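Engineer: Here it is: the structure, laid out below.
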Amino acid sequence: MGASDSGPGGFAELFVSAYLEAGDGTQASLAAFLPGAESLVLSANPASQVVEQVAAVRVRAVSDGYWAVTVAARVRPVKAAPVKPAAQERTVAVLRYFRVPVRSGPAGALAAVSLPAEVGAPPVGKAPALVYGQGVAPSQADAGVRTLAGFFVSYLAGDGELDRYMTPGSTLGSIVPAPYMAVRLERIAEYGTNAPGAAFPEGSEIADGTRRRLLLDITATDHAGVERPLTYAVAMKARDGRWELEAVEAAPLLAVSAGSGVAKDGGN
């Protein structure tokens with residue numbers, strides 16, 4: 001979804017959420033999205049279902065200022081419990097998809113052209129190939145492992161100063177409050193090699209300015225003791241004989257970019 005699509009995408013999300021929770025007597029709640037919605041005939045009970053999640057998964061331009069937006073909605077029906085009619089029984093949420101035609105009018109004001117249309121799930125894309133070599137367990141013989149481990153303990157668990165692991169001038173800060181209490185580096189994959197760090201053994205001289213691009217699998221343990229797998233793409237740079245984090249990249253590098261060659265750098 002491009003920057004120009006974020007308006008109609010967000011608008012369609014709000015409309016679908018309001019539409020699914022609307023019912024008899026609440027038609028006016030849709031008027032902000034669909035002009036004339038007050039006259040709609042809705043027979044459903046407004047409390048018959050709840051939208052737990054909603055997200056625009058596709059925004060397709062139909063013409064200038066006119067879009068077809070596909071919205072995914074996780075909807076949980078709510079039904080009256082048989083024993084206590086006044087009570088409500090929670091049921092399983094279902095993922096459903098709706099397509100909404102959205103038009104931009106004067107001064108950029110958005111409006112739905114019609115009610116949403118329920119559609120099937122969009123096709124699932126294939127996992128793209130990445131540019132990194134084979135992932136392996138971190139080796140203490142790799143001079144960069146100590147920097148990586150220290151950085152992520154500070155970044156995710158708030159243990160230690162982050163600046164000591166970053167290149168000078170970095171504006172990246174630790175996550176506050178720290179979401180995890182422990183971090184473990186599980187696997188490392190590196191651009192250009194199947195043996196991460198083999199060219200930079202502990203104790204060897206590293207030329208200033210040497211760079212590495214890495215993909216890391218991390219296990220982080222939260223304050224309830226639950227382990228969560230995380231993946232980070234990072235760039236490292238050598239300075240004064242040691243490795244420093246140059247960037248936590250926005251996304252892993254693809255093997256082939258939209259144009260040619262390797263995907264461009266991500267940002268902090």
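We label chains A, B, ... in the order they appear in the structure tokens, count residues from 1 in each chain, and number ligands from 1 in the order shown.
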Write out as an NGL selection string which residues come within 7 Å of region 100-102 of chain A when counting only C-alpha atoms, dropping same-chain ones fewer than 5 positions away.
Structural biologist: :A and (8 or 12 or 66-70 or 110-114 or 116-117)
Engineer: Excluding same-chain residues fewer than 4 positions from Ser154 (chain A), what lies within 12 Å of it counting only C-alpha atoms, as number ranges by chain?
Structural biologist: A: 147-150, 158-166, 172-184, 220
Engineer: Find the spatial neighbours of Pro196 (chain A), counting only C-alpha atoms, within a cut-off of 10 Å - ignore same-chain residues fewer than 6 positions away - and output them as a list in words.
Structural biologist: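 My list of contacting residues is Tyr132, Gly133, Gln134, Gly135, Val136, Ala137, Pro138, Ser139, Asp142, Gly144, Val145, Arg187, Ile188, Ala189, Glu190, Arg212, Arg213 and Leu214 of chain A.
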Engineer: Grab the residues selected above and save them as a compact mmCIF listing (two decimals), in the first residue's frame with C-alpha atoms.
Structural biologist:
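New file out-v4.txt:
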# COMPACT_ATOMS: atom_id res chain seq x y z
CA TYR A 132 21.68 -14.06 2.87
CA GLY A 133 23.62 -17.30 3.08
CA GLN A 134 22.78 -20.31 5.21
CA GLY A 135 21.75 -19.61 8.80
CA VAL A 136 23.92 -21.17 11.50
CA ALA A 137 24.22 -21.08 15.27
CA PRO A 138 26.28 -18.08 16.48
CA SER A 139 29.94 -18.83 17.02
CA ASP A 142 32.94 -14.54 15.35
CA GLY A 144 30.71 -9.63 15.87
CA VAL A 145 28.63 -12.00 18.01
CA ARG A 187 20.91 -18.21 14.35
CA ILE A 188 22.89 -15.91 12.08
CA ALA A 189 22.82 -15.68 8.29
CA GLU A 190 25.19 -13.35 6.44
CA ARG A 212 28.48 -6.88 7.10
CA ARG A 213 24.78 -7.51 6.38
CA LEU A 214 23.14 -10.06 8.66
Engineer: Write out as a list in words which residues come within 12 Å of Val41 (chain A) when counting only C-alpha atoms, dropping same-chain ones fewer than 6 positions away.
Structural biologist: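 Near Val41 (chain A), the qualifying residues are Ala22, Gly23, Asp24, Gly25, Thr26, Gln27 and Ala28 of chain A.
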Engineer: Could you give me, as a list in words, the residues within 12 Å of Val119 (chain A), counting only C-alpha atoms and dropping anything in the same chain fewer than 5 positions from it?
Structural biologist: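 The filter keeps Val69, Thr70, Val71, Ala72, Ala73, Leu95, Arg96, Tyr97, Phe98, Arg99 and Val100 of chain A.
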Engineer: Output N, CA and C atoms for every residue in that selection, as a PDB file, in the first residue's frame.
Structural biologist:
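So the final result, stored in again_4.pdb, reads:
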ATOM      1  N   VAL A  69     -11.020  -1.144  -2.358  1.00  0.00           N
ATOM      2  CA  VAL A  69     -10.226  -1.511  -1.187  1.00  0.00           C
ATOM      3  C   VAL A  69     -10.738  -2.834  -0.623  1.00  0.00           C
ATOM      4  N   THR A  70      -9.840  -3.805  -0.495  1.00  0.00           N
ATOM      5  CA  THR A  70     -10.198  -5.075   0.139  1.00  0.00           C
ATOM      6  C   THR A  70      -9.773  -5.020   1.603  1.00  0.00           C
ATOM      7  N   VAL A  71     -10.731  -5.276   2.478  1.00  0.00           N
ATOM      8  CA  VAL A  71     -10.497  -5.184   3.918  1.00  0.00           C
ATOM      9  C   VAL A  71     -10.705  -6.547   4.554  1.00  0.00           C
ATOM     10  N   ALA A  72      -9.743  -6.971   5.372  1.00  0.00           N
ATOM     11  CA  ALA A  72      -9.888  -8.194   6.166  1.00  0.00           C
ATOM     12  C   ALA A  72     -10.442  -7.822   7.532  1.00  0.00           C
ATOM     13  N   ALA A  73     -11.424  -8.567   8.001  1.00  0.00           N
ATOM     14  CA  ALA A  73     -12.033  -8.293   9.303  1.00  0.00           C
ATOM     15  C   ALA A  73     -12.177  -9.586  10.085  1.00  0.00           C
ATOM     16  N   LEU A  95     -12.322 -14.933  10.166  1.00  0.00           N
ATOM     17  CA  LEU A  95     -11.703 -13.933   9.294  1.00  0.00           C
ATOM     18  C   LEU A  95     -12.497 -13.845   7.998  1.00  0.00           C
ATOM     19  N   ARG A  96     -13.017 -12.641   7.699  1.00  0.00           N
ATOM     20  CA  ARG A  96     -13.818 -12.415   6.503  1.00  0.00           C
ATOM     21  C   ARG A  96     -13.227 -11.247   5.715  1.00  0.00           C
ATOM     22  N   TYR A  97     -13.591 -11.160   4.438  1.00  0.00           N
ATOM     23  CA  TYR A  97     -13.032 -10.130   3.562  1.00  0.00           C
ATOM     24  C   TYR A  97     -14.155  -9.359   2.871  1.00  0.00           C
ATOM     25  N   PHE A  98     -13.975  -8.058   2.765  1.00  0.00           N
ATOM     26  CA  PHE A  98     -14.965  -7.186   2.146  1.00  0.00           C
ATOM     27  C   PHE A  98     -14.262  -6.212   1.192  1.00  0.00           C
ATOM     28  N   ARG A  99     -14.896  -5.973   0.053  1.00  0.00           N
ATOM     29  CA  ARG A  99     -14.364  -4.998  -0.902  1.00  0.00           C
ATOM     30  C   ARG A  99     -15.230  -3.743  -0.845  1.00  0.00           C
ATOM     31  N   VAL A 100     -14.585  -2.592  -0.727  1.00  0.00           N
ATOM     32  CA  VAL A 100     -15.280  -1.317  -0.581  1.00  0.00           C
ATOM     33  C   VAL A 100     -14.849  -0.363  -1.693  1.00  0.00           C
TER      34      VAL A 100
END
Engineer: Give the helix (DSSP H, G or I) residues of region 9-59 of chain A, as DSSP finds them on the backbone, and put them as a list of chain:residue names.
Structural biologist: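 These are the residues in question: A:Gly9, A:Gly10, A:Phe11, A:Ala12, A:Glu13, A:Leu14, A:Phe15, A:Val16, A:Ser17, A:Ala18, A:Tyr19, A:Leu20, A:Glu21, A:Gln27, A:Ala28, A:Ser29, A:Leu30, A:Ala37, A:Glu38, A:Ser39.
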Engineer: Pull N, CA, C and O atoms from the residues just selected and write them as a PDB file, in the first residue's frame.
Structural biologist:
ATOM      1  N   GLY A   9      -7.514   3.401   2.267  1.00  0.00           N
ATOM      2  CA  GLY A   9      -7.393   2.155   3.015  1.00  0.00           C
ATOM      3  C   GLY A   9      -7.907   2.302   4.432  1.00  0.00           C
ATOM      4  O   GLY A   9      -8.694   1.482   4.918  1.00  0.00           O
ATOM      5  N   GLY A  10      -7.472   3.351   5.127  1.00  0.00           N
ATOM      6  CA  GLY A  10      -7.941   3.577   6.488  1.00  0.00           C
ATOM      7  C   GLY A  10      -9.426   3.889   6.538  1.00  0.00           C
ATOM      8  O   GLY A  10     -10.135   3.449   7.449  1.00  0.00           O
ATOM      9  N   PHE A  11      -9.906   4.641   5.557  1.00  0.00           N
ATOM     10  CA  PHE A  11     -11.325   4.972   5.479  1.00  0.00           C
ATOM     11  C   PHE A  11     -12.162   3.698   5.335  1.00  0.00           C
ATOM     12  O   PHE A  11     -13.174   3.514   6.022  1.00  0.00           O
ATOM     13  N   ALA A  12     -11.729   2.797   4.456  1.00  0.00           N
ATOM     14  CA  ALA A  12     -12.463   1.552   4.241  1.00  0.00           C
ATOM     15  C   ALA A  12     -12.442   0.672   5.485  1.00  0.00           C
ATOM     16  O   ALA A  12     -13.424  -0.005   5.798  1.00  0.00           O
ATOM     17  N   GLU A  13     -11.323   0.661   6.212  1.00  0.00           N
ATOM     18  CA  GLU A  13     -11.256  -0.104   7.466  1.00  0.00           C
ATOM     19  C   GLU A  13     -12.322   0.364   8.450  1.00  0.00           C
ATOM     20  O   GLU A  13     -13.049  -0.443   9.047  1.00  0.00           O
ATOM     21  N   LEU A  14     -12.419   1.682   8.631  1.00  0.00           N
ATOM     22  CA  LEU A  14     -13.401   2.231   9.562  1.00  0.00           C
ATOM     23  C   LEU A  14     -14.827   1.926   9.107  1.00  0.00           C
ATOM     24  O   LEU A  14     -15.704   1.612   9.924  1.00  0.00           O
ATOM     25  N   PHE A  15     -15.052   2.030   7.798  1.00  0.00           N
ATOM     26  CA  PHE A  15     -16.388   1.784   7.268  1.00  0.00           C
ATOM     27  C   PHE A  15     -16.803   0.332   7.491  1.00  0.00           C
ATOM     28  O   PHE A  15     -17.913   0.043   7.951  1.00  0.00           O
ATOM     29  N   VAL A  16     -15.918  -0.600   7.162  1.00  0.00           N
ATOM     30  CA  VAL A  16     -16.241  -2.021   7.332  1.00  0.00           C
ATOM     31  C   VAL A  16     -16.497  -2.343   8.801  1.00  0.00           C
ATOM     32  O   VAL A  16     -17.431  -3.083   9.142  1.00  0.00           O
ATOM     33  N   SER A  17     -15.696  -1.800   9.696  1.00  0.00           N
ATOM     34  CA  SER A  17     -15.892  -2.049  11.121  1.00  0.00           C
ATOM     35  C   SER A  17     -17.252  -1.534  11.585  1.00  0.00           C
ATOM     36  O   SER A  17     -17.998  -2.235  12.286  1.00  0.00           O
ATOM     37  N   ALA A  18     -17.603  -0.310  11.166  1.00  0.00           N
ATOM     38  CA  ALA A  18     -18.901   0.255  11.545  1.00  0.00           C
ATOM     39  C   ALA A  18     -20.040  -0.526  10.911  1.00  0.00           C
ATOM     40  O   ALA A  18     -21.070  -0.782  11.553  1.00  0.00           O
ATOM     41  N   TYR A  19     -19.851  -0.943   9.658  1.00  0.00           N
ATOM     42  CA  TYR A  19     -20.889  -1.684   8.933  1.00  0.00           C
ATOM     43  C   TYR A  19     -21.198  -3.022   9.600  1.00  0.00           C
ATOM     44  O   TYR A  19     -22.359  -3.407   9.770  1.00  0.00           O
ATOM     45  N   LEU A  20     -20.158  -3.741  10.010  1.00  0.00           N
ATOM     46  CA  LEU A  20     -20.357  -5.070  10.585  1.00  0.00           C
ATOM     47  C   LEU A  20     -20.988  -5.012  11.970  1.00  0.00           C
ATOM     48  O   LEU A  20     -21.653  -5.967  12.383  1.00  0.00           O
ATOM     49  N   GLU A  21     -20.779  -3.930  12.690  1.00  0.00           N
ATOM     50  CA  GLU A  21     -21.350  -3.826  14.030  1.00  0.00           C
ATOM     51  C   GLU A  21     -22.673  -3.071  14.047  1.00  0.00           C
ATOM     52  O   GLU A  21     -23.325  -2.973  15.085  1.00  0.00           O
ATOM     53  N   GLN A  27     -28.305   2.906  11.963  1.00  0.00           N
ATOM     54  CA  GLN A  27     -27.942   3.227  10.585  1.00  0.00           C
ATOM     55  C   GLN A  27     -27.159   4.533  10.486  1.00  0.00           C
ATOM     56  O   GLN A  27     -26.284   4.687   9.626  1.00  0.00           O
ATOM     57  N   ALA A  28     -27.447   5.460  11.372  1.00  0.00           N
ATOM     58  CA  ALA A  28     -26.784   6.763  11.311  1.00  0.00           C
ATOM     59  C   ALA A  28     -25.276   6.648  11.497  1.00  0.00           C
ATOM     60  O   ALA A  28     -24.521   7.519  11.053  1.00  0.00           O
ATOM     61  N   SER A  29     -24.810   5.567  12.129  1.00  0.00           N
ATOM     62  CA  SER A  29     -23.375   5.403  12.347  1.00  0.00           C
ATOM     63  C   SER A  29     -22.616   5.195  11.036  1.00  0.00           C
ATOM     64  O   SER A  29     -21.400   5.344  10.989  1.00  0.00           O
ATOM     65  N   LEU A  30     -23.352   4.845   9.976  1.00  0.00           N
ATOM     66  CA  LEU A  30     -22.721   4.614   8.671  1.00  0.00           C
ATOM     67  C   LEU A  30     -22.739   5.850   7.779  1.00  0.00           C
ATOM     68  O   LEU A  30     -22.100   5.866   6.726  1.00  0.00           O
ATOM     69  N   ALA A  37     -27.007   6.703   4.221  1.00  0.00           N
ATOM     70  CA  ALA A  37     -27.091   5.431   4.941  1.00  0.00           C
ATOM     71  C   ALA A  37     -28.202   5.420   5.978  1.00  0.00           C
ATOM     72  O   ALA A  37     -28.641   4.346   6.404  1.00  0.00           O
ATOM     73  N   GLU A  38     -28.695   6.600   6.378  1.00  0.00           N
ATOM     74  CA  GLU A  38     -29.752   6.646   7.391  1.00  0.00           C
ATOM     75  C   GLU A  38     -31.011   5.916   6.938  1.00  0.00           C
ATOM     76  O   GLU A  38     -31.787   5.433   7.760  1.00  0.00           O
ATOM     77  N   SER A  39     -31.215   5.812   5.628  1.00  0.00           N
ATOM     78  CA  SER A  39     -32.436   5.179   5.114  1.00  0.00           C
ATOM     79  C   SER A  39     -32.289   3.678   4.886  1.00  0.00           C
ATOM     80  O   SER A  39     -33.229   3.017   4.439  1.00  0.00           O
TER      81      SER A  39
END
Engineer: Could you give me the residues within region 92-150 of chain A that DSSP places in strand (DSSP E), as a list in words?
Structural biologist: Val94, Leu95, Arg96, Tyr97, Phe98, Arg99, Val100, Pro101, Val102, Arg103, Ser104, Leu110, Ala111, Ala112, Ala117, Glu118 and Val119 of chain A
Engineer: Write the residues you've just listed into a file as a short mmCIF file (atom, residue, chain, number, x, y, z; two decimals), in the first residue's frame, and include C-alpha atoms for each of them.
Structural biologist:
data_model
loop_
_atom_site.label_atom_id
_atom_site.label_comp_id
_atom_site.auth_asym_id
_atom_site.auth_seq_id
_atom_site.Cartn_x
_atom_site.Cartn_y
_atom_site.Cartn_z
CA VAL A 94 -13.92 -15.74 11.82
CA LEU A 95 -11.70 -13.93 9.29
CA ARG A 96 -13.82 -12.42 6.50
CA TYR A 97 -13.03 -10.13 3.56
CA PHE A 98 -14.96 -7.19 2.15
CA ARG A 99 -14.36 -5.00 -0.90
CA VAL A 100 -15.28 -1.32 -0.58
CA PRO A 101 -15.46 1.20 -3.47
CA VAL A 102 -14.06 4.51 -2.20
CA ARG A 103 -14.23 7.80 -4.10
CA SER A 104 -12.38 11.06 -3.44
CA LEU A 110 -13.68 10.40 0.91
CA ALA A 111 -16.98 8.56 0.57
CA ALA A 112 -18.03 4.98 -0.02
CA ALA A 117 -19.28 -6.54 -0.90
CA GLU A 118 -18.16 -9.72 0.87
CA VAL A 119 -15.46 -11.50 -1.17
#
Engineer: Taking into account only C-alpha atoms, which residue in the set A:Thr91, A:Thr210, A:Asn194, A:Thr221 is nearest to Lys237 (chain A)?
Structural biologist: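 Closest residue, counting only C-alpha atoms: A:Thr210.
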